Amino acid sequence: MAKRKKGENETVGKVAIYPGSFDPITYGHIDIVERALEIFDKVIVAIAENEEKRPLFSVEERVQMVRAFFKDAPKVMVDSFKGLLVDYVAKTNAVVIVRGLRATSDFEYEFHMASMNRSLNTHVDTLFMMTSKDYFFVSSRTIKEVARLGGAVEGLVPDLVVRRLKEKFKLPVTKRKQMGWDD
Ligand code: PNS
């Protein structure tokens, strides 16, 4: 994690890449970004386009939501990428990938991914941070499911994301009233 010269993204200092689908961003993700900022000079939130995962939100929508949340955080850069993560990392001059670990169930997937990335580029390391206890049960997948079925996700995702989920799922007015979303 040596200090880097000005690179393509005009970044100086220790840069970490925080990659993911962010479909949508949750407070669990945000907690990881905030804690990574205590360690690194800059954190790049790198949103994978991965259309094969059939995301609920387009990459543009995901970038817009994350940018809106971090609009007052100059040390956070939000970007999207296509293709291999290690290629994106190489372009940004960062050498560390940050990932959050919620539970042992995340471990196998994360271990495979980190090992594959290191095999593709031996300069790329992955740093795991344990998700805060307040968000260990939060995932984008469950957020979408709960929102789709009319459950409340306030406090687990930013307000803008709550609104976007509401728009996506276009819940009937009666259900929205019941949830207090129209107040
Ligand atoms: O939030 P997610 O869906 O768990 O993030 C997974 C992500 C986007 C980090 C991963 O799928 C990825 O890095 N995709 C880019 C393609 C790639 O590099 N694949 C090889 C890594 S095993």
# chains A, B, ... in the order shown; residues from 1 in each chain; ligands from 1
>>> residues_near_ligand(ligand="ligand 1", cutoff="9 Å", atoms="only C-alpha atoms and all ligand atoms", output="PyMOL selection string")
chain A and resi 18-23+46-50+53+81-88+99+109-110+112-117+120+140
>>> write_last_selection(atoms="C-alpha atoms", output="short mmCIF file (atom, residue, chain, number, x, y, z; two decimals), in the first residue's frame")
data_model
loop_
_atom_site.label_atom_id
_atom_site.label_comp_id
_atom_site.auth_asym_id
_atom_site.auth_seq_id
_atom_site.Cartn_x
_atom_site.Cartn_y
_atom_site.Cartn_z
CA TYR A 18 -14.94 -0.68 -2.57
CA PRO A 19 -16.60 -2.71 -5.33
CA GLY A 20 -20.05 -4.18 -5.45
CA SER A 21 -23.39 -4.28 -7.17
CA PHE A 22 -24.96 -1.76 -4.76
CA ASP A 23 -28.41 -2.72 -6.03
CA ALA A 46 -16.96 1.03 -7.79
CA ILE A 47 -20.35 -0.10 -9.03
CA ALA A 48 -20.27 -3.18 -11.24
CA GLU A 49 -22.52 -3.00 -14.28
CA ASN A 50 -23.06 -6.80 -14.16
CA LYS A 53 -27.29 -10.33 -12.37
CA PHE A 81 -17.02 -0.41 -14.15
CA LYS A 82 -17.49 -3.19 -16.67
CA GLY A 83 -15.38 -6.31 -16.97
CA LEU A 84 -12.82 -7.59 -14.51
CA LEU A 85 -12.46 -5.84 -11.20
CA VAL A 86 -8.67 -6.29 -11.20
CA ASP A 87 -8.46 -4.40 -14.51
CA TYR A 88 -10.47 -1.56 -13.04
CA ARG A 99 -15.19 -5.83 1.17
CA TYR A 109 -17.86 -16.47 -1.69
CA GLU A 110 -15.55 -13.69 -0.55
CA HIS A 112 -13.06 -17.37 -3.67
CA MET A 113 -13.37 -13.90 -5.10
CA ALA A 114 -10.35 -12.52 -3.24
CA SER A 115 -8.27 -15.55 -4.21
CA MET A 116 -9.28 -15.30 -7.86
CA ASN A 117 -8.52 -11.57 -7.95
CA LEU A 120 -5.32 -12.57 -11.73
CA SER A 140 -29.47 -5.48 -0.98
#
>>> residues_around(residues="A:Leu56", least_positions_apart="6", cutoff="9 Å", atoms="only C-alpha atoms", output="list in words")
Asp23, Pro24, Lys144 and Lys168 of chain A
>>> residues_around(residues="A:Met129", least_positions_apart="5", cutoff="12 Å", atoms="only C-alpha atoms", output="count of residues only")
21
>>> atom_distance(atom1="atom CA of A:Ala152", atom2="atom CA of A:Phe169")
13.0 Å
>>> select_by_dssp(residues="stretch 7-178 of chain A", states="alpha helix (DSSP H)", output="PyMOL selection string")
chain A and resi 27-36+59-69+85-92+104-120+140-148+159-169+173-178
>>> residues_around(residues="stretch 73-80 of chain A", least_positions_apart="5", cutoff="8 Å", atoms="only C-alpha atoms", output="JSON, numbers by chain")
{"A": [37, 41, 42, 43, 44, 45, 46, 47, 48, 49, 59, 63, 66, 67]}
>>> write_last_selection(atoms="N, CA, C and O atoms", output="PDB file, in the first residue's frame")
ATOM      1  N   LEU A  37     -12.757   5.000   5.282  1.00  0.00           N
ATOM      2  CA  LEU A  37     -12.215   6.360   5.205  1.00  0.00           C
ATOM      3  C   LEU A  37     -11.306   6.694   6.384  1.00  0.00           C
ATOM      4  O   LEU A  37     -10.503   7.619   6.324  1.00  0.00           O
ATOM      5  N   ASP A  41      -6.931   7.301   2.311  1.00  0.00           N
ATOM      6  CA  ASP A  41      -7.074   8.716   1.965  1.00  0.00           C
ATOM      7  C   ASP A  41      -8.271   8.933   1.047  1.00  0.00           C
ATOM      8  O   ASP A  41      -8.837  10.025   1.011  1.00  0.00           O
ATOM      9  N   LYS A  42      -8.579   7.899   0.295  1.00  0.00           N
ATOM     10  CA  LYS A  42      -9.688   8.015  -0.650  1.00  0.00           C
ATOM     11  C   LYS A  42     -10.341   6.654  -0.824  1.00  0.00           C
ATOM     12  O   LYS A  42      -9.638   5.635  -0.842  1.00  0.00           O
ATOM     13  N   VAL A  43     -11.641   6.639  -0.936  1.00  0.00           N
ATOM     14  CA  VAL A  43     -12.351   5.376  -1.201  1.00  0.00           C
ATOM     15  C   VAL A  43     -13.141   5.559  -2.496  1.00  0.00           C
ATOM     16  O   VAL A  43     -13.911   6.513  -2.636  1.00  0.00           O
ATOM     17  N   ILE A  44     -12.893   4.649  -3.408  1.00  0.00           N
ATOM     18  CA  ILE A  44     -13.655   4.666  -4.663  1.00  0.00           C
ATOM     19  C   ILE A  44     -14.741   3.602  -4.563  1.00  0.00           C
ATOM     20  O   ILE A  44     -14.438   2.410  -4.441  1.00  0.00           O
ATOM     21  N   VAL A  45     -15.977   4.028  -4.578  1.00  0.00           N
ATOM     22  CA  VAL A  45     -17.092   3.086  -4.600  1.00  0.00           C
ATOM     23  C   VAL A  45     -17.275   2.714  -6.074  1.00  0.00           C
ATOM     24  O   VAL A  45     -17.641   3.560  -6.895  1.00  0.00           O
ATOM     25  N   ALA A  46     -16.956   1.471  -6.396  1.00  0.00           N
ATOM     26  CA  ALA A  46     -16.957   1.028  -7.793  1.00  0.00           C
ATOM     27  C   ALA A  46     -18.157   0.122  -8.035  1.00  0.00           C
ATOM     28  O   ALA A  46     -18.226  -0.995  -7.516  1.00  0.00           O
ATOM     29  N   ILE A  47     -19.080   0.607  -8.825  1.00  0.00           N
ATOM     30  CA  ILE A  47     -20.347  -0.097  -9.032  1.00  0.00           C
ATOM     31  C   ILE A  47     -20.264  -0.942 -10.297  1.00  0.00           C
ATOM     32  O   ILE A  47     -20.062  -0.413 -11.396  1.00  0.00           O
ATOM     33  N   ALA A  48     -20.387  -2.258 -10.106  1.00  0.00           N
ATOM     34  CA  ALA A  48     -20.273  -3.181 -11.240  1.00  0.00           C
ATOM     35  C   ALA A  48     -21.542  -3.124 -12.086  1.00  0.00           C
ATOM     36  O   ALA A  48     -22.654  -3.148 -11.546  1.00  0.00           O
ATOM     37  N   GLU A  49     -21.341  -3.068 -13.390  1.00  0.00           N
ATOM     38  CA  GLU A  49     -22.523  -3.004 -14.275  1.00  0.00           C
ATOM     39  C   GLU A  49     -23.280  -4.325 -14.282  1.00  0.00           C
ATOM     40  O   GLU A  49     -24.486  -4.328 -14.437  1.00  0.00           O
ATOM     41  N   VAL A  59     -27.337   0.783 -13.861  1.00  0.00           N
ATOM     42  CA  VAL A  59     -26.080   1.250 -13.280  1.00  0.00           C
ATOM     43  C   VAL A  59     -26.127   2.764 -13.061  1.00  0.00           C
ATOM     44  O   VAL A  59     -25.611   3.274 -12.065  1.00  0.00           O
ATOM     45  N   VAL A  63     -25.457   4.542  -9.524  1.00  0.00           N
ATOM     46  CA  VAL A  63     -24.411   5.570  -9.363  1.00  0.00           C
ATOM     47  C   VAL A  63     -25.048   6.844  -8.800  1.00  0.00           C
ATOM     48  O   VAL A  63     -24.519   7.457  -7.861  1.00  0.00           O
ATOM     49  N   VAL A  66     -25.794   6.552  -5.038  1.00  0.00           N
ATOM     50  CA  VAL A  66     -24.586   6.548  -4.187  1.00  0.00           C
ATOM     51  C   VAL A  66     -23.950   7.941  -4.183  1.00  0.00           C
ATOM     52  O   VAL A  66     -23.556   8.459  -3.135  1.00  0.00           O
ATOM     53  N   ARG A  67     -23.895   8.565  -5.370  1.00  0.00           N
ATOM     54  CA  ARG A  67     -23.330   9.931  -5.457  1.00  0.00           C
ATOM     55  C   ARG A  67     -24.133  10.903  -4.606  1.00  0.00           C
ATOM     56  O   ARG A  67     -23.572  11.757  -3.929  1.00  0.00           O
TER      57      ARG A  67
END
>>> closest_residue(among="A:Ser119, A:Thr26, A:Asn93, A:Gln64", to="A:Tyr135", atoms="only C-alpha atoms")
A:Thr26
>>> select_by_dssp(residues="chain A", states="strand (DSSP E or B)", output="PDB file with N, CA and C atoms, in the first residue's frame")
ATOM      1  N   VAL A  15      -5.332   4.632  -1.650  1.00  0.00           N
ATOM      2  CA  VAL A  15      -6.662   4.570  -2.269  1.00  0.00           C
ATOM      3  C   VAL A  15      -7.212   3.157  -2.143  1.00  0.00           C
ATOM      4  N   ALA A  16      -8.439   3.051  -1.703  1.00  0.00           N
ATOM      5  CA  ALA A  16      -9.099   1.739  -1.637  1.00  0.00           C
ATOM      6  C   ALA A  16     -10.269   1.731  -2.601  1.00  0.00           C
ATOM      7  N   ILE A  17     -10.480   0.574  -3.186  1.00  0.00           N
ATOM      8  CA  ILE A  17     -11.647   0.393  -4.051  1.00  0.00           C
ATOM      9  C   ILE A  17     -12.666  -0.414  -3.262  1.00  0.00           C
ATOM     10  N   TYR A  18     -13.857   0.079  -3.205  1.00  0.00           N
ATOM     11  CA  TYR A  18     -14.939  -0.682  -2.569  1.00  0.00           C
ATOM     12  C   TYR A  18     -15.917  -1.077  -3.679  1.00  0.00           C
ATOM     13  N   PRO A  19     -15.765  -2.304  -4.204  1.00  0.00           N
ATOM     14  CA  PRO A  19     -16.601  -2.707  -5.333  1.00  0.00           C
ATOM     15  C   PRO A  19     -17.864  -3.432  -4.887  1.00  0.00           C
ATOM     16  N   GLY A  20     -18.835  -3.434  -5.761  1.00  0.00           N
ATOM     17  CA  GLY A  20     -20.053  -4.183  -5.449  1.00  0.00           C
ATOM     18  C   GLY A  20     -21.128  -3.876  -6.469  1.00  0.00           C
ATOM     19  N   LYS A  42      -8.579   7.899   0.295  1.00  0.00           N
ATOM     20  CA  LYS A  42      -9.688   8.015  -0.650  1.00  0.00           C
ATOM     21  C   LYS A  42     -10.341   6.654  -0.824  1.00  0.00           C
ATOM     22  N   VAL A  43     -11.641   6.639  -0.936  1.00  0.00           N
ATOM     23  CA  VAL A  43     -12.351   5.376  -1.201  1.00  0.00           C
ATOM     24  C   VAL A  43     -13.141   5.559  -2.496  1.00  0.00           C
ATOM     25  N   ILE A  44     -12.893   4.649  -3.408  1.00  0.00           N
ATOM     26  CA  ILE A  44     -13.655   4.666  -4.663  1.00  0.00           C
ATOM     27  C   ILE A  44     -14.741   3.602  -4.563  1.00  0.00           C
ATOM     28  N   VAL A  45     -15.977   4.028  -4.578  1.00  0.00           N
ATOM     29  CA  VAL A  45     -17.092   3.086  -4.600  1.00  0.00           C
ATOM     30  C   VAL A  45     -17.275   2.714  -6.074  1.00  0.00           C
ATOM     31  N   ALA A  46     -16.956   1.471  -6.396  1.00  0.00           N
ATOM     32  CA  ALA A  46     -16.957   1.028  -7.793  1.00  0.00           C
ATOM     33  C   ALA A  46     -18.157   0.122  -8.035  1.00  0.00           C
ATOM     34  N   ILE A  47     -19.080   0.607  -8.825  1.00  0.00           N
ATOM     35  CA  ILE A  47     -20.347  -0.097  -9.032  1.00  0.00           C
ATOM     36  C   ILE A  47     -20.264  -0.942 -10.297  1.00  0.00           C
ATOM     37  N   ALA A  48     -20.387  -2.258 -10.106  1.00  0.00           N
ATOM     38  CA  ALA A  48     -20.273  -3.181 -11.240  1.00  0.00           C
ATOM     39  C   ALA A  48     -21.542  -3.124 -12.086  1.00  0.00           C
ATOM     40  N   VAL A  76     -14.688  10.489  -1.054  1.00  0.00           N
ATOM     41  CA  VAL A  76     -15.386   9.347  -1.674  1.00  0.00           C
ATOM     42  C   VAL A  76     -15.635   9.666  -3.144  1.00  0.00           C
ATOM     43  N   MET A  77     -15.181   8.751  -3.987  1.00  0.00           N
ATOM     44  CA  MET A  77     -15.449   8.906  -5.418  1.00  0.00           C
ATOM     45  C   MET A  77     -16.371   7.761  -5.831  1.00  0.00           C
ATOM     46  N   VAL A  78     -17.317   8.050  -6.673  1.00  0.00           N
ATOM     47  CA  VAL A  78     -18.257   7.010  -7.101  1.00  0.00           C
ATOM     48  C   VAL A  78     -18.099   6.811  -8.608  1.00  0.00           C
ATOM     49  N   ASP A  79     -17.948   5.556  -8.988  1.00  0.00           N
ATOM     50  CA  ASP A  79     -17.677   5.252 -10.394  1.00  0.00           C
ATOM     51  C   ASP A  79     -18.367   3.926 -10.721  1.00  0.00           C
ATOM     52  N   SER A  80     -18.440   3.610 -12.007  1.00  0.00           N
ATOM     53  CA  SER A  80     -18.946   2.297 -12.397  1.00  0.00           C
ATOM     54  C   SER A  80     -17.892   1.616 -13.247  1.00  0.00           C
ATOM     55  N   PHE A  81     -17.983   0.304 -13.317  1.00  0.00           N
ATOM     56  CA  PHE A  81     -17.016  -0.414 -14.153  1.00  0.00           C
ATOM     57  C   PHE A  81     -17.669  -1.623 -14.797  1.00  0.00           C
ATOM     58  N   VAL A  96      -5.757  -1.840  -3.007  1.00  0.00           N
ATOM     59  CA  VAL A  96      -6.540  -2.580  -2.021  1.00  0.00           C
ATOM     60  C   VAL A  96      -8.026  -2.560  -2.383  1.00  0.00           C
ATOM     61  N   ILE A  97      -8.602  -3.739  -2.318  1.00  0.00           N
ATOM     62  CA  ILE A  97     -10.048  -3.875  -2.471  1.00  0.00           C
ATOM     63  C   ILE A  97     -10.606  -4.034  -1.057  1.00  0.00           C
ATOM     64  N   VAL A  98     -11.640  -3.302  -0.754  1.00  0.00           N
ATOM     65  CA  VAL A  98     -12.292  -3.450   0.554  1.00  0.00           C
ATOM     66  C   VAL A  98     -13.615  -4.165   0.344  1.00  0.00           C
ATOM     67  N   ARG A  99     -13.889  -5.138   1.206  1.00  0.00           N
ATOM     68  CA  ARG A  99     -15.185  -5.826   1.169  1.00  0.00           C
ATOM     69  C   ARG A  99     -15.694  -5.975   2.588  1.00  0.00           C
ATOM     70  N   GLY A 100     -16.992  -5.910   2.742  1.00  0.00           N
ATOM     71  CA  GLY A 100     -17.593  -6.131   4.052  1.00  0.00           C
ATOM     72  C   GLY A 100     -17.935  -7.608   4.210  1.00  0.00           C
ATOM     73  N   LEU A 101     -17.769  -8.085   5.419  1.00  0.00           N
ATOM     74  CA  LEU A 101     -18.122  -9.486   5.720  1.00  0.00           C
ATOM     75  C   LEU A 101     -19.216  -9.461   6.778  1.00  0.00           C
ATOM     76  N   ASP A 125      -4.702  -6.802  -3.309  1.00  0.00           N
ATOM     77  CA  ASP A 125      -5.057  -7.476  -2.061  1.00  0.00           C
ATOM     78  C   ASP A 125      -6.476  -7.085  -1.659  1.00  0.00           C
ATOM     79  N   THR A 126      -7.101  -7.919  -0.841  1.00  0.00           N
ATOM     80  CA  THR A 126      -8.460  -7.602  -0.369  1.00  0.00           C
ATOM     81  C   THR A 126      -8.455  -7.477   1.143  1.00  0.00           C
ATOM     82  N   LEU A 127      -9.033  -6.401   1.610  1.00  0.00           N
ATOM     83  CA  LEU A 127      -9.151  -6.171   3.043  1.00  0.00           C
ATOM     84  C   LEU A 127     -10.617  -6.364   3.439  1.00  0.00           C
ATOM     85  N   PHE A 128     -10.844  -7.219   4.419  1.00  0.00           N
ATOM     86  CA  PHE A 128     -12.225  -7.465   4.857  1.00  0.00           C
ATOM     87  C   PHE A 128     -12.517  -6.698   6.137  1.00  0.00           C
ATOM     88  N   MET A 129     -13.671  -6.097   6.161  1.00  0.00           N
ATOM     89  CA  MET A 129     -14.099  -5.407   7.380  1.00  0.00           C
ATOM     90  C   MET A 129     -15.404  -6.045   7.827  1.00  0.00           C
ATOM     91  N   MET A 130     -15.486  -6.339   9.109  1.00  0.00           N
ATOM     92  CA  MET A 130     -16.725  -6.924   9.627  1.00  0.00           C
ATOM     93  C   MET A 130     -17.826  -5.864   9.604  1.00  0.00           C
ATOM     94  N   GLU A 154     -37.025   1.689   5.987  1.00  0.00           N
ATOM     95  CA  GLU A 154     -36.468   2.928   6.506  1.00  0.00           C
ATOM     96  C   GLU A 154     -35.443   2.620   7.598  1.00  0.00           C
ATOM     97  N   VAL A 157     -31.712   1.738   4.638  1.00  0.00           N
ATOM     98  CA  VAL A 157     -31.168   2.343   3.417  1.00  0.00           C
ATOM     99  C   VAL A 157     -31.456   3.847   3.491  1.00  0.00           C
TER     100      VAL A 157
END
